[in-house]
>>> print(open('input-v5.cif').read())   # mmCIF, C-alpha atoms and all ligand atoms
data_protein
loop_
_atom_site.label_atom_id
_atom_site.label_comp_id
_atom_site.auth_asym_id
_atom_site.auth_seq_id
_atom_site.Cartn_x
_atom_site.Cartn_y
_atom_site.Cartn_z
CA MET A 140 -64.99 3.62 -4.52
CA SER A 141 -64.41 -0.08 -5.24
CA GLN A 142 -61.39 -1.67 -3.65
CA ALA A 143 -60.16 -3.11 -6.96
CA LEU A 144 -60.23 0.33 -8.56
CA ASN A 145 -58.46 1.84 -5.58
CA GLU A 146 -55.73 -0.73 -5.79
CA LEU A 147 -55.24 -0.10 -9.50
CA ILE A 148 -54.94 3.65 -9.01
CA ASP A 149 -52.56 3.10 -6.13
CA ALA A 150 -50.37 0.85 -8.27
CA LEU A 151 -50.33 3.35 -11.16
CA LYS A 152 -49.37 6.20 -8.84
CA ARG A 153 -46.07 4.45 -8.19
CA LEU A 154 -44.99 5.00 -11.79
CA PRO A 155 -42.54 7.89 -12.22
CA GLY A 156 -44.21 11.13 -13.31
CA LEU A 157 -47.76 9.94 -12.55
CA GLY A 158 -49.64 11.91 -9.93
CA PRO A 159 -52.93 10.85 -8.36
CA ARG A 160 -55.04 12.57 -11.03
CA SER A 161 -53.15 11.09 -13.99
CA ALA A 162 -53.31 7.67 -12.33
CA GLN A 163 -57.06 8.00 -11.96
CA ARG A 164 -57.46 9.13 -15.57
CA LEU A 165 -55.39 6.18 -16.84
CA ALA A 166 -57.34 3.68 -14.76
CA HIS A 167 -60.66 5.05 -16.00
CA HIS A 168 -59.47 5.01 -19.58
CA LEU A 169 -58.27 1.39 -19.43
CA LEU A 170 -61.47 0.14 -17.79
CA ASN A 171 -63.97 2.27 -19.67
CA HIS A 172 -62.67 2.39 -23.22
CA ASP A 173 -60.08 -0.29 -23.65
CA ARG A 174 -60.75 -3.40 -21.60
CA ALA A 175 -58.78 -5.50 -24.13
CA ALA A 176 -55.70 -3.29 -23.75
CA ALA A 177 -56.05 -3.47 -19.98
CA LYS A 178 -56.00 -7.28 -20.05
CA ARG A 179 -53.08 -7.32 -22.45
CA LEU A 180 -51.14 -4.89 -20.27
CA ALA A 181 -51.81 -7.01 -17.21
CA ARG A 182 -50.56 -10.15 -18.96
CA ALA A 183 -47.45 -8.48 -20.40
CA LEU A 184 -46.58 -6.91 -17.07
CA ALA A 185 -47.04 -10.14 -15.14
CA ARG A 186 -44.94 -12.06 -17.64
CA ALA A 187 -42.14 -9.48 -17.80
CA ALA A 188 -41.95 -9.24 -14.01
CA GLU A 189 -41.86 -13.04 -13.88
CA VAL A 190 -39.28 -13.94 -16.55
CA LEU A 191 -36.91 -10.98 -16.87
CA VAL A 192 -33.68 -11.09 -14.93
CA HIS A 193 -30.45 -9.06 -15.16
CA CYS A 194 -27.93 -10.75 -17.44
CA ALA A 195 -25.10 -12.13 -15.31
CA GLU A 196 -22.57 -10.71 -17.77
CA CYS A 197 -23.84 -7.34 -18.97
CA ASN A 198 -26.58 -6.54 -16.42
CA THR A 199 -29.21 -5.71 -19.06
CA PHE A 200 -32.68 -7.30 -19.01
CA SER A 201 -32.69 -10.87 -20.21
CA GLU A 202 -34.96 -13.92 -20.20
CA THR A 203 -32.00 -16.23 -19.76
CA PRO A 204 -29.28 -16.00 -17.08
CA VAL A 205 -26.88 -14.82 -19.81
CA CYS A 206 -28.38 -12.77 -22.64
CA ALA A 207 -28.06 -13.72 -26.34
CA ARG A 208 -25.58 -10.94 -27.06
CA CYS A 209 -23.23 -12.01 -24.27
CA ALA A 210 -23.58 -15.68 -25.26
CA ASP A 211 -22.52 -14.88 -28.85
CA PRO A 212 -19.05 -16.49 -29.29
CA ALA A 213 -18.15 -13.97 -32.03
CA ARG A 214 -18.08 -11.09 -29.53
CA ASP A 215 -14.64 -9.74 -28.61
CA ARG A 216 -14.24 -10.47 -24.87
CA SER A 217 -11.23 -8.18 -24.45
CA VAL A 218 -13.25 -4.95 -24.62
CA VAL A 219 -16.17 -3.95 -22.39
CA CYS A 220 -18.26 -0.88 -23.21
CA VAL A 221 -20.10 0.65 -20.23
CA VAL A 222 -23.40 2.43 -20.95
CA GLU A 223 -26.14 3.86 -18.72
CA THR A 224 -29.28 2.21 -20.11
CA PRO A 225 -30.43 -0.61 -22.42
CA ALA A 226 -31.54 2.12 -24.87
CA ASP A 227 -27.98 3.47 -24.94
CA LEU A 228 -26.71 -0.04 -25.62
CA GLU A 229 -29.04 -0.40 -28.63
CA ALA A 230 -28.01 3.01 -29.98
CA PHE A 231 -24.35 2.11 -29.64
CA ASP A 232 -24.80 -1.28 -31.24
CA ALA A 233 -26.65 0.29 -34.18
CA ALA A 234 -23.44 2.12 -35.11
CA HIS A 235 -21.92 -1.28 -36.05
CA VAL A 236 -18.43 -0.25 -34.99
CA PHE A 237 -18.12 -2.23 -31.83
CA GLN A 238 -17.83 -6.02 -31.64
CA GLY A 239 -16.96 -6.21 -27.95
CA CYS A 240 -19.08 -6.78 -24.87
CA TYR A 241 -21.30 -4.36 -22.99
CA TYR A 242 -22.13 -3.55 -19.42
CA VAL A 243 -25.34 -1.67 -18.62
CA LEU A 244 -25.26 0.34 -15.39
CA MET A 245 -29.05 0.80 -15.33
CA GLY A 246 -28.58 4.37 -14.18
CA ARG A 247 -25.88 6.88 -13.31
CA LEU A 248 -24.43 8.57 -10.27
CA SER A 249 -26.30 11.63 -9.11
CA PRO A 250 -24.63 13.19 -6.07
CA LEU A 251 -27.40 15.73 -5.41
CA ASP A 252 -30.13 13.09 -5.61
CA GLY A 253 -28.23 10.79 -3.29
CA ILE A 254 -27.61 8.11 -5.95
CA GLY A 255 -24.14 6.92 -5.03
CA PRO A 256 -21.97 4.00 -6.17
CA LYS A 257 -23.73 1.59 -3.81
CA ALA A 258 -27.11 2.29 -5.35
CA LEU A 259 -25.53 1.75 -8.76
CA GLY A 260 -24.10 -1.62 -7.78
CA ILE A 261 -20.69 -1.07 -9.32
CA GLU A 262 -19.20 -4.08 -7.52
CA LYS A 263 -20.76 -6.28 -10.20
CA LEU A 264 -19.10 -4.18 -12.91
CA LEU A 265 -15.72 -4.33 -11.18
CA ALA A 266 -15.96 -8.12 -10.90
CA ARG A 267 -16.84 -8.29 -14.60
CA ILE A 268 -13.84 -6.17 -15.58
CA ALA A 269 -11.41 -7.98 -13.27
CA ARG A 270 -11.49 -11.05 -15.56
CA PRO A 271 -8.08 -11.64 -17.13
CA GLU A 272 -9.33 -11.49 -20.75
CA VAL A 273 -10.54 -7.88 -20.36
CA LYS A 274 -7.91 -5.47 -21.72
CA GLU A 275 -9.95 -2.28 -22.29
CA VAL A 276 -12.99 -0.61 -20.78
CA VAL A 277 -14.78 2.02 -22.85
CA LEU A 278 -16.75 4.46 -20.69
CA ALA A 279 -19.75 5.44 -22.84
CA THR A 280 -21.93 7.13 -20.23
CA ASN A 281 -23.84 10.18 -21.44
CA PHE A 282 -22.32 13.62 -21.90
CA THR A 283 -24.47 15.11 -19.19
CA ALA A 284 -23.02 16.36 -15.92
CA GLU A 285 -24.07 13.15 -14.19
CA GLY A 286 -22.86 10.94 -17.03
CA GLU A 287 -19.49 12.66 -16.85
CA ALA A 288 -19.38 12.32 -13.05
CA THR A 289 -20.18 8.62 -13.44
CA ALA A 290 -17.41 8.15 -16.01
CA GLN A 291 -14.85 9.84 -13.75
CA TRP A 292 -15.90 7.82 -10.77
CA LEU A 293 -15.70 4.57 -12.71
CA ALA A 294 -12.32 5.49 -14.17
CA GLU A 295 -10.87 5.99 -10.68
CA ARG A 296 -12.39 2.83 -9.28
CA ILE A 297 -11.41 0.66 -12.24
CA ALA A 298 -7.86 2.04 -12.30
CA ALA A 299 -7.50 1.23 -8.59
CA ALA A 300 -9.10 -2.22 -8.76
CA VAL A 301 -7.80 -3.45 -12.14
CA PRO A 302 -4.58 -1.54 -12.91
CA THR A 303 -3.79 -3.63 -16.00
CA CYS A 304 -6.93 -2.47 -17.81
CA THR A 305 -6.84 0.40 -20.32
CA ILE A 306 -9.66 2.87 -19.67
CA THR A 307 -11.02 4.97 -22.52
CA ARG A 308 -13.85 7.50 -22.84
CA LEU A 309 -15.88 8.25 -25.94
CA ALA A 310 -14.78 11.47 -27.65
CA ARG A 311 -17.06 14.49 -27.71
CA GLY A 312 -17.36 16.60 -30.79
CA VAL A 313 -19.28 18.40 -33.46
CA PRO A 314 -21.97 16.08 -34.95
CA VAL A 315 -21.12 14.33 -38.19
CA GLY A 316 -22.53 16.27 -41.14
CA GLY A 317 -22.78 19.26 -38.84
CA GLU A 318 -21.20 22.56 -39.72
CA LEU A 319 -19.43 24.63 -37.11
CA GLU A 320 -21.58 27.59 -38.06
CA TYR A 321 -24.66 25.76 -36.75
CA ALA A 322 -23.13 23.96 -33.77
CA ASP A 323 -24.01 25.29 -30.33
CA PRO A 324 -21.20 26.98 -28.35
CA ALA A 325 -21.16 24.35 -25.61
CA THR A 326 -20.56 21.59 -28.14
CA ILE A 327 -17.77 23.59 -29.74
CA ALA A 328 -16.27 24.29 -26.30
CA TYR A 329 -16.20 20.56 -25.51
CA ALA A 330 -14.88 19.67 -28.95
CA TRP A 331 -12.05 22.15 -28.36
CA HIS A 332 -11.42 20.64 -24.96
CA ASP A 333 -11.16 17.15 -26.51
CA ARG A 334 -9.16 18.21 -29.59
CA ARG A 335 -6.50 15.78 -30.79
CA VAL A 336 -3.08 16.07 -32.30
CA LEU A 337 -2.90 15.44 -36.06
CA THR A 338 0.80 16.19 -36.49
CA ASN A 339 3.41 16.44 -33.83
CA GLN A 340 6.29 18.26 -35.50
CA GLN A 341 9.22 19.35 -33.46
CA SER A 342 11.58 21.69 -35.21
CA MET B 37 -46.51 33.26 -4.02
CA ASN B 38 -45.96 36.03 -6.48
CA GLU B 39 -48.75 36.04 -9.07
CA THR B 40 -47.77 39.14 -11.00
CA ARG B 41 -46.25 38.55 -14.39
CA ARG B 42 -42.51 39.13 -14.41
CA GLY B 43 -39.66 38.71 -16.79
CA GLY B 44 -35.96 39.16 -16.39
CA SER B 45 -32.49 38.08 -17.26
CA ASP B 46 -29.33 37.58 -15.28
CA ARG B 47 -25.99 35.90 -15.04
CA GLY B 48 -26.47 32.52 -13.42
CA PHE B 49 -25.54 28.91 -12.89
CA LEU B 50 -27.58 25.75 -13.02
CA LEU B 51 -27.50 24.13 -9.58
CA HIS B 52 -29.70 21.14 -10.27
CA ALA B 53 -32.17 19.96 -12.88
CA GLU B 54 -34.85 17.33 -12.71
CA PRO B 55 -37.24 15.94 -15.32
CA TRP B 56 -40.44 17.94 -15.56
CA ARG B 57 -43.48 16.49 -17.33
CA GLU B 58 -42.71 14.56 -20.51
CA THR B 59 -40.10 16.65 -22.27
CA SER B 60 -39.07 19.48 -19.97
CA LEU B 61 -36.60 20.13 -17.18
CA LEU B 62 -37.19 21.94 -13.92
CA VAL B 63 -34.01 23.92 -13.34
CA ASP B 64 -32.94 25.21 -9.95
CA ALA B 65 -30.89 28.22 -11.02
CA TRP B 66 -28.61 30.48 -8.98
CA THR B 67 -28.62 33.99 -10.35
CA ARG B 68 -26.60 37.00 -9.29
CA ALA B 69 -29.29 39.63 -8.72
CA HIS B 70 -32.39 37.44 -8.34
CA GLY B 71 -31.15 34.62 -6.14
CA ARG B 72 -32.42 31.09 -6.58
CA LEU B 73 -35.09 30.67 -9.22
CA TRP B 74 -37.15 27.75 -10.40
CA LEU B 75 -37.11 27.83 -14.17
CA VAL B 76 -39.01 25.41 -16.38
CA ALA B 77 -36.96 24.66 -19.51
CA LYS B 78 -39.73 23.64 -21.87
CA GLY B 79 -38.85 20.89 -24.32
CA ALA B 80 -35.28 20.73 -23.01
CA LYS B 81 -35.38 16.93 -23.00
CA ARG B 82 -36.24 16.77 -26.70
CA PRO B 83 -33.35 15.48 -28.86
CA HIS B 84 -32.84 18.70 -30.81
CA SER B 85 -33.50 21.23 -28.09
CA ALA B 86 -31.03 24.11 -28.17
CA LEU B 87 -31.24 24.30 -24.38
CA ARG B 88 -30.09 20.74 -23.93
CA SER B 89 -26.39 21.28 -24.46
CA VAL B 90 -26.26 24.59 -22.59
CA LEU B 91 -28.00 23.65 -19.35
CA LEU B 92 -25.01 22.20 -17.54
CA PRO B 93 -23.81 22.86 -14.00
CA PHE B 94 -20.57 24.71 -13.20
CA GLN B 95 -20.75 26.83 -16.35
CA PRO B 96 -21.65 30.54 -16.31
CA LEU B 97 -24.81 31.21 -18.31
CA HIS B 98 -26.92 34.18 -19.21
CA LEU B 99 -30.49 33.18 -18.33
CA ARG B 100 -33.74 34.82 -19.47
CA TRP B 101 -37.18 34.05 -18.08
CA SER B 102 -40.77 35.19 -17.90
CA GLY B 103 -43.99 34.07 -16.28
CA LYS B 104 -45.69 34.17 -12.92
CA GLY B 105 -45.90 32.08 -9.80
CA GLU B 106 -42.98 30.25 -8.30
CA ARG B 107 -42.10 28.34 -11.46
CA LEU B 108 -41.06 30.69 -14.22
CA THR B 109 -40.45 29.76 -17.83
CA LEU B 110 -36.88 29.77 -19.07
CA THR B 111 -36.99 31.66 -22.34
CA GLY B 112 -33.29 31.57 -23.14
CA ALA B 113 -29.94 30.36 -21.88
CA GLU B 114 -26.75 31.65 -23.38
CA TRP B 115 -23.40 29.96 -22.92
CA LEU B 116 -20.89 32.43 -21.49
CA GLY B 117 -18.08 29.91 -21.28
CA GLY B 118 -14.51 30.66 -20.40
CA MET B 119 -14.46 28.02 -17.70
CA PRO B 120 -12.85 24.59 -18.07
CA LEU B 121 -14.87 21.55 -17.07
CA LEU B 122 -14.63 20.32 -13.52
CA SER B 123 -13.13 16.89 -13.19
CA GLY B 124 -12.18 14.39 -10.52
CA GLU B 125 -12.08 15.73 -6.98
CA ALA B 126 -12.97 19.25 -8.16
CA LEU B 127 -16.21 17.89 -9.63
CA TRP B 128 -17.33 16.34 -6.31
CA CYS B 129 -16.41 19.59 -4.57
CA GLY B 130 -18.53 21.45 -7.14
CA TYR B 131 -21.53 19.30 -6.25
CA TYR B 132 -20.88 20.09 -2.57
CA LEU B 133 -20.99 23.85 -3.30
CA ASN B 134 -24.25 23.36 -5.16
CA GLU B 135 -25.79 21.40 -2.33
CA LEU B 136 -24.83 24.09 0.19
CA ILE B 137 -26.73 26.66 -1.84
CA LEU B 138 -29.67 24.33 -2.47
CA ARG B 139 -29.96 23.73 1.25
CA LEU B 140 -29.14 27.15 2.65
CA ALA B 141 -30.37 29.74 0.14
CA PRO B 142 -34.04 30.71 0.28
CA ARG B 143 -35.81 31.14 -3.05
CA GLU B 144 -35.84 34.47 -4.83
CA VAL B 145 -33.67 36.32 -2.33
CA PRO B 146 -30.80 38.14 -4.06
CA HIS B 147 -27.35 37.34 -2.69
CA PRO B 148 -24.87 38.99 -5.10
CA GLU B 149 -21.88 38.58 -2.77
CA TRP B 150 -22.65 34.94 -2.13
CA PHE B 151 -23.10 34.46 -5.87
CA ASP B 152 -19.69 36.04 -6.51
CA ALA B 153 -18.14 33.79 -3.85
CA TYR B 154 -19.68 30.82 -5.65
CA GLU B 155 -18.35 31.88 -9.04
CA THR B 156 -14.90 32.49 -7.54
CA ALA B 157 -14.96 29.03 -5.97
CA VAL B 158 -16.07 27.27 -9.18
CA ARG B 159 -13.37 29.12 -11.14
CA ALA B 160 -10.71 28.10 -8.62
CA LEU B 161 -11.86 24.47 -8.78
CA ALA B 162 -11.87 24.59 -12.58
CA ALA B 163 -8.34 26.03 -12.53
CA GLY B 164 -7.16 23.06 -10.48
CA GLU B 165 -6.35 24.97 -7.29
CA PRO B 166 -6.08 22.97 -4.04
CA VAL B 167 -9.68 22.26 -3.05
CA ALA B 168 -9.58 22.65 0.75
CA PRO B 169 -9.02 26.45 0.89
CA VAL B 170 -11.67 26.92 -1.81
CA LEU B 171 -14.24 24.97 0.20
CA ARG B 172 -13.44 26.76 3.48
CA ALA B 173 -13.74 30.19 1.82
CA PHE B 174 -17.10 29.25 0.34
CA GLU B 175 -18.39 27.76 3.59
CA TRP B 176 -17.55 31.00 5.37
CA ALA B 177 -19.17 33.08 2.61
CA SER B 178 -22.29 30.92 2.93
CA LEU B 179 -22.44 31.44 6.68
CA GLN B 180 -22.00 35.18 6.24
CA ALA B 181 -24.66 35.40 3.56
CA THR B 182 -27.21 33.54 5.66
CA GLY B 183 -26.40 35.54 8.80
CA HIS B 184 -24.89 32.56 10.63
CA ALA B 185 -21.30 33.81 10.79
CA PRO B 186 -20.42 34.53 14.42
CA GLN B 187 -18.30 37.52 15.43
CA TRP B 188 -15.23 36.98 17.54
CA PRO B 189 -14.98 36.35 20.52
CA GLU B 190 -18.41 34.78 20.21
CA THR B 191 -18.01 31.35 18.58
CA GLY B 192 -21.59 30.90 17.52
CA PRO B 193 -24.28 28.46 18.46
CA VAL B 194 -21.95 25.49 18.52
CA ALA B 195 -19.78 24.20 21.32
CA VAL B 196 -16.59 24.08 19.29
CA PRO B 197 -13.98 26.45 20.67
CA LEU B 198 -11.99 28.64 18.31
CA SER B 199 -8.68 30.22 19.22
CA ALA B 200 -7.87 33.87 18.55
CA GLU B 201 -5.25 32.78 16.03
CA ALA B 202 -7.76 30.65 14.16
CA TYR B 203 -10.30 33.45 14.09
CA GLN B 204 -7.61 35.76 12.77
CA ALA B 205 -7.12 33.41 9.80
CA VAL B 206 -10.89 33.45 9.18
CA ALA B 207 -11.12 37.24 9.42
CA GLN B 208 -8.24 37.68 6.98
CA GLY B 209 -9.44 34.96 4.63
CA ALA B 210 -6.12 33.14 5.05
CA TRP B 211 -7.69 29.83 4.05
CA SER B 212 -4.38 28.18 3.20
CA ALA B 213 -2.96 28.75 6.71
CA PRO B 214 -2.13 25.47 8.50
CA ILE B 215 -4.43 26.34 11.38
CA VAL B 216 -7.44 26.30 9.05
CA ALA B 217 -7.29 22.58 8.39
CA ARG B 218 -6.65 21.89 12.06
CA GLU B 219 -9.06 24.17 13.83
CA VAL B 220 -11.23 26.14 11.43
CA LYS B 221 -12.48 23.23 9.32
CA PRO B 222 -14.27 21.42 12.18
CA TRP B 223 -15.62 24.74 13.45
CA LEU B 224 -17.08 25.66 10.04
CA ARG B 225 -18.51 22.17 9.68
CA ALA B 226 -20.22 22.40 13.07
CA LEU B 227 -21.71 25.78 12.14
CA ILE B 228 -22.97 24.46 8.82
CA ASP B 229 -24.41 21.34 10.45
CA HIS B 230 -26.20 23.64 12.87
CA CYS B 231 -27.71 25.59 9.92
CA LEU B 232 -28.83 22.32 8.34
CA GLU B 233 -30.63 21.32 11.53
CA GLY B 234 -29.20 17.83 11.54
CA ARG B 235 -30.19 16.82 8.01
CA PRO B 236 -27.00 15.40 6.46
CA LEU B 237 -25.52 16.62 3.19
CA ARG B 238 -25.78 14.03 0.43
CA THR B 239 -22.59 15.14 -1.28
CA ARG B 240 -20.60 14.83 1.94
CA ALA B 241 -21.46 11.13 2.27
CA PHE B 242 -20.64 10.80 -1.41
CA MET B 243 -17.20 12.41 -1.04
CA LYS B 244 -16.46 10.23 1.97
CA GLU B 245 -17.29 7.13 -0.06
CA TRP B 246 -15.02 8.42 -2.85
CA VAL B 247 -12.12 8.88 -0.47
CA THR B 248 -12.52 5.49 1.25
CA ASN B 249 -13.26 3.42 -1.84
CA GLY B 250 -11.69 5.20 -4.71
CA LYS B 251 -8.60 7.22 -4.10
CA GLY B 252 -7.82 5.31 -0.90
ZN ZN C 1 -25.67 -9.84 -21.47
#
>>> encode(input="input-v5.cif", output="structure tokens", more="lines below")
Ligand SMILES: [Zn+2]
Amino acid sequence: MSQALNELIDALKRLPGLGPRSAQRLAHHLLNHDRAAAKRLARALARAAEVLVHCAECNTFSETPVCARCADPARDRSVVCVVETPADLEAFDAAHVFQGCYYVLMGRLSPLDGIGPKALGIEKLLARIARPEVKEVVLATNFTAEGEATAQWLAERIAAAVPTCTITRLARGVPVGGELEYADPATIAYAWHDRRVLTNQQS
Amino acid sequence: MNETRRGGSDRGFLLHAEPWRETSLLVDAWTRAHGRLWLVAKGAKRPHSALRSVLLPFQPLHLRWSGKGERLTLTGAEWLGGMPLLSGEALWCGYYLNELILRLAPREVPHPEWFDAYETAVRALAAGEPVAPVLRAFEWASLQATGHAPQWPETGPVAVPLSAEAYQAVAQGAWSAPIVAREVKPWLRALIDHCLEGRPLRTRAFMKEWVTNGKG
């Protein structure tokens, strides 16, 4: 086999979820049927790897040292919302409820996979939150076991490092427009767990 | 490998899940009468999958499966509930219990007593009981289940001496006794390390980091 082809297959195999056979199939497809797409992919990949950095403020991918969102003077600097991925950030922002700043962890803790706080680089987050203008941190990691573990870990670390900061967690509940009848039991169990007081009468 | 077609259902817990193909999860499940099973939860990563919200660790489930080979197909998972969520220190301890099973339990070997010890431990953690006695009880149950629990006066394959008083506490399951923290804990740890053949536990390093960095 040609060395160039070997190298391509080898490079593709490093992608998550791609075994040797899928890597081979992809390489053959790109070279056989779609040479234009192959060249475009090569250019896009080279450019992205060249110009993208982590935003110094929010840690998401950016072409400038500080991303456009963080550079926006209209953003409320007193609140920082912590999410796992850039996709989570976009989803959150699409709700148009939050005018504050974000921090993207680029992952989550996973004790059984050996992904600890060091791998997650939470020192950068702590330094970000330690700024005097930050009054609240919203932990918006996912409602998976690992997302929850990450939120608890961060809450402890932030409380210890920046005691003046209020730490909040997104509420869990039954989906909007959803009826209890159709909600799954786990969601109802968590909604019950996170129930809130509407009236607080003492007679 | 077992190539005959088999189906079944059992009470169980999810120990660990990892992405499987595009939209599925490969679940390492701990069941009462069937031991550890590999169950493929097809489509569980899709946004509207009914399995998605149920497949969580530290929650009792009723699992159904069918298929052949070592990876069976999860055909249903029912939420049994009744257990509060683990949080804080109890959550890290829960991950430690899971890792002990993942590392020590062979696949598809039933261990009902070990399973019950696990469920008891998770319930105690969820109820906010002091974690140390819970962990010691489960470590001992794990050693017994895997045939690594030494009988007094033999102290096992490790060079950590154990006094008669300490062994008495072990035999009676008096895990809150002061001597347990002092003498039994290092003994159990040495025995478990011996079972693990020197490969360190990931959750142990994690808990150590938590104690040094977090709670201080
Ligand atoms: Zn930014």
>>> atom_distance(input="input-v5.cif", atom1="CA of Gly71 in chain B", atom2="CA of Glu144 in chain B")
4.9 Å
>>> residues_near_ligand(input="input-v5.cif", ligand="ligand ZN 1 (chain C)", cutoff="10 Å", atoms="only C-alpha atoms and all ligand atoms", output="MDAnalysis selection string")
chainID A and resid 193:201 203:211 240:243
>>> write_last_selection(input="input-v5.cif", atoms="C-alpha atoms", output="tab-separated table (two decimals), in the frame of the given file")
chain	number	residue	atom	x	y	z
A	193	HIS	CA	-30.45	-9.06	-15.16
A	194	CYS	CA	-27.93	-10.75	-17.44
A	195	ALA	CA	-25.10	-12.13	-15.31
A	196	GLU	CA	-22.57	-10.71	-17.77
A	197	CYS	CA	-23.84	-7.34	-18.97
A	198	ASN	CA	-26.58	-6.54	-16.42
A	199	THR	CA	-29.21	-5.71	-19.06
A	200	PHE	CA	-32.68	-7.30	-19.01
A	201	SER	CA	-32.69	-10.87	-20.21
A	203	THR	CA	-32.00	-16.23	-19.76
A	204	PRO	CA	-29.28	-16.00	-17.08
A	205	VAL	CA	-26.88	-14.82	-19.81
A	206	CYS	CA	-28.38	-12.77	-22.64
A	207	ALA	CA	-28.06	-13.72	-26.34
A	208	ARG	CA	-25.58	-10.94	-27.06
A	209	CYS	CA	-23.23	-12.01	-24.27
A	210	ALA	CA	-23.58	-15.68	-25.26
A	211	ASP	CA	-22.52	-14.88	-28.85
A	240	CYS	CA	-19.08	-6.78	-24.87
A	241	TYR	CA	-21.30	-4.36	-22.99
A	242	TYR	CA	-22.13	-3.55	-19.42
A	243	VAL	CA	-25.34	-1.67	-18.62
>>> closest_atom_pairs(input="input-v5.cif", of="chain B", to="chain A", cutoff="10 Å", atoms="all atoms listed in the file", output="CSV")
residue,atom,partner,partner_atom,distance
B:Leu51,CA,A:Leu251,CA,9.4
B:His52,CA,A:Leu251,CA,7.6
B:Ala53,CA,A:Leu251,CA,9.8
B:Glu54,CA,A:Asp252,CA,9.5
B:Pro55,CA,A:Gly156,CA,8.7
B:Trp56,CA,A:Gly156,CA,8.1
B:Arg57,CA,A:Gly156,CA,6.7
B:Glu58,CA,A:Gly156,CA,8.1
B:Ala86,CA,A:Asp323,CA,7.4
B:Leu87,CA,A:Asp323,CA,9.4
B:Arg88,CA,A:Thr283,CA,9.3
B:Ser89,CA,A:Ala325,CA,6.2
B:Val90,CA,A:Ala325,CA,5.9
B:Leu91,CA,A:Thr283,CA,9.2
B:Leu92,CA,A:Ala284,CA,6.4
B:Pro93,CA,A:Ala284,CA,6.8
B:Phe94,CA,A:Ala284,CA,9.1
B:Gln95,CA,A:Ala325,CA,9.6
B:Glu114,CA,A:Pro324,CA,8.8
B:Trp115,CA,A:Pro324,CA,6.6
B:Leu116,CA,A:Pro324,CA,8.8
B:Gly117,CA,A:Ala325,CA,7.7
B:Gly118,CA,A:Ala328,CA,8.9
B:Met119,CA,A:Ala328,CA,9.5
B:Pro120,CA,A:His332,CA,8.1
B:Leu121,CA,A:Tyr329,CA,8.6
B:Leu122,CA,A:Ala288,CA,9.3
B:Ser123,CA,A:Gln291,CA,7.3
B:Gly124,CA,A:Gln291,CA,6.2
B:Glu125,CA,A:Gln291,CA,9.4
B:Leu127,CA,A:Ala288,CA,7.3
B:Trp128,CA,A:Pro250,CA,8.0
B:Tyr131,CA,A:Pro250,CA,6.9
B:Tyr132,CA,A:Leu251,CA,8.3
B:Asn134,CA,A:Leu251,CA,8.3
B:Glu135,CA,A:Leu251,CA,6.7
B:Leu138,CA,A:Leu251,CA,9.4
B:Leu237,CA,A:Leu251,CA,8.8
B:Arg238,CA,A:Gly253,CA,5.5
B:Thr239,CA,A:Pro250,CA,5.6
B:Arg240,CA,A:Pro250,CA,9.1
B:Ala241,CA,A:Gly253,CA,8.8
B:Phe242,CA,A:Gly255,CA,6.4
B:Met243,CA,A:Pro250,CA,9.0
B:Glu245,CA,A:Pro256,CA,8.3
B:Trp246,CA,A:Trp292,CA,8.0
B:Asn249,CA,A:Arg296,CA,7.5
B:Gly250,CA,A:Arg296,CA,5.2
B:Lys251,CA,A:Glu295,CA,7.1
B:Gly252,CA,A:Ala299,CA,8.7
>>> write_last_selection(input="input-v5.cif", atoms="C-alpha atoms", output="short mmCIF file (atom, residue, chain, number, x, y, z; two decimals), keeping the file's coordinate frame")
data_model
loop_
_atom_site.label_atom_id
_atom_site.label_comp_id
_atom_site.auth_asym_id
_atom_site.auth_seq_id
_atom_site.Cartn_x
_atom_site.Cartn_y
_atom_site.Cartn_z
CA LEU B 51 -27.50 24.13 -9.58
CA HIS B 52 -29.70 21.14 -10.27
CA ALA B 53 -32.17 19.96 -12.88
CA GLU B 54 -34.85 17.33 -12.71
CA PRO B 55 -37.24 15.94 -15.32
CA TRP B 56 -40.44 17.94 -15.56
CA ARG B 57 -43.48 16.49 -17.33
CA GLU B 58 -42.71 14.56 -20.51
CA ALA B 86 -31.03 24.11 -28.17
CA LEU B 87 -31.24 24.30 -24.38
CA ARG B 88 -30.09 20.74 -23.93
CA SER B 89 -26.39 21.28 -24.46
CA VAL B 90 -26.26 24.59 -22.59
CA LEU B 91 -28.00 23.65 -19.35
CA LEU B 92 -25.01 22.20 -17.54
CA PRO B 93 -23.81 22.86 -14.00
CA PHE B 94 -20.57 24.71 -13.20
CA GLN B 95 -20.75 26.83 -16.35
CA GLU B 114 -26.75 31.65 -23.38
CA TRP B 115 -23.40 29.96 -22.92
CA LEU B 116 -20.89 32.43 -21.49
CA GLY B 117 -18.08 29.91 -21.28
CA GLY B 118 -14.51 30.66 -20.40
CA MET B 119 -14.46 28.02 -17.70
CA PRO B 120 -12.85 24.59 -18.07
CA LEU B 121 -14.87 21.55 -17.07
CA LEU B 122 -14.63 20.32 -13.52
CA SER B 123 -13.13 16.89 -13.19
CA GLY B 124 -12.18 14.39 -10.52
CA GLU B 125 -12.08 15.73 -6.98
CA LEU B 127 -16.21 17.89 -9.63
CA TRP B 128 -17.33 16.34 -6.31
CA TYR B 131 -21.53 19.30 -6.25
CA TYR B 132 -20.88 20.09 -2.57
CA ASN B 134 -24.25 23.36 -5.16
CA GLU B 135 -25.79 21.40 -2.33
CA LEU B 138 -29.67 24.33 -2.47
CA LEU B 237 -25.52 16.62 3.19
CA ARG B 238 -25.78 14.03 0.43
CA THR B 239 -22.59 15.14 -1.28
CA ARG B 240 -20.60 14.83 1.94
CA ALA B 241 -21.46 11.13 2.27
CA PHE B 242 -20.64 10.80 -1.41
CA MET B 243 -17.20 12.41 -1.04
CA GLU B 245 -17.29 7.13 -0.06
CA TRP B 246 -15.02 8.42 -2.85
CA ASN B 249 -13.26 3.42 -1.84
CA GLY B 250 -11.69 5.20 -4.71
CA LYS B 251 -8.60 7.22 -4.10
CA GLY B 252 -7.82 5.31 -0.90
#
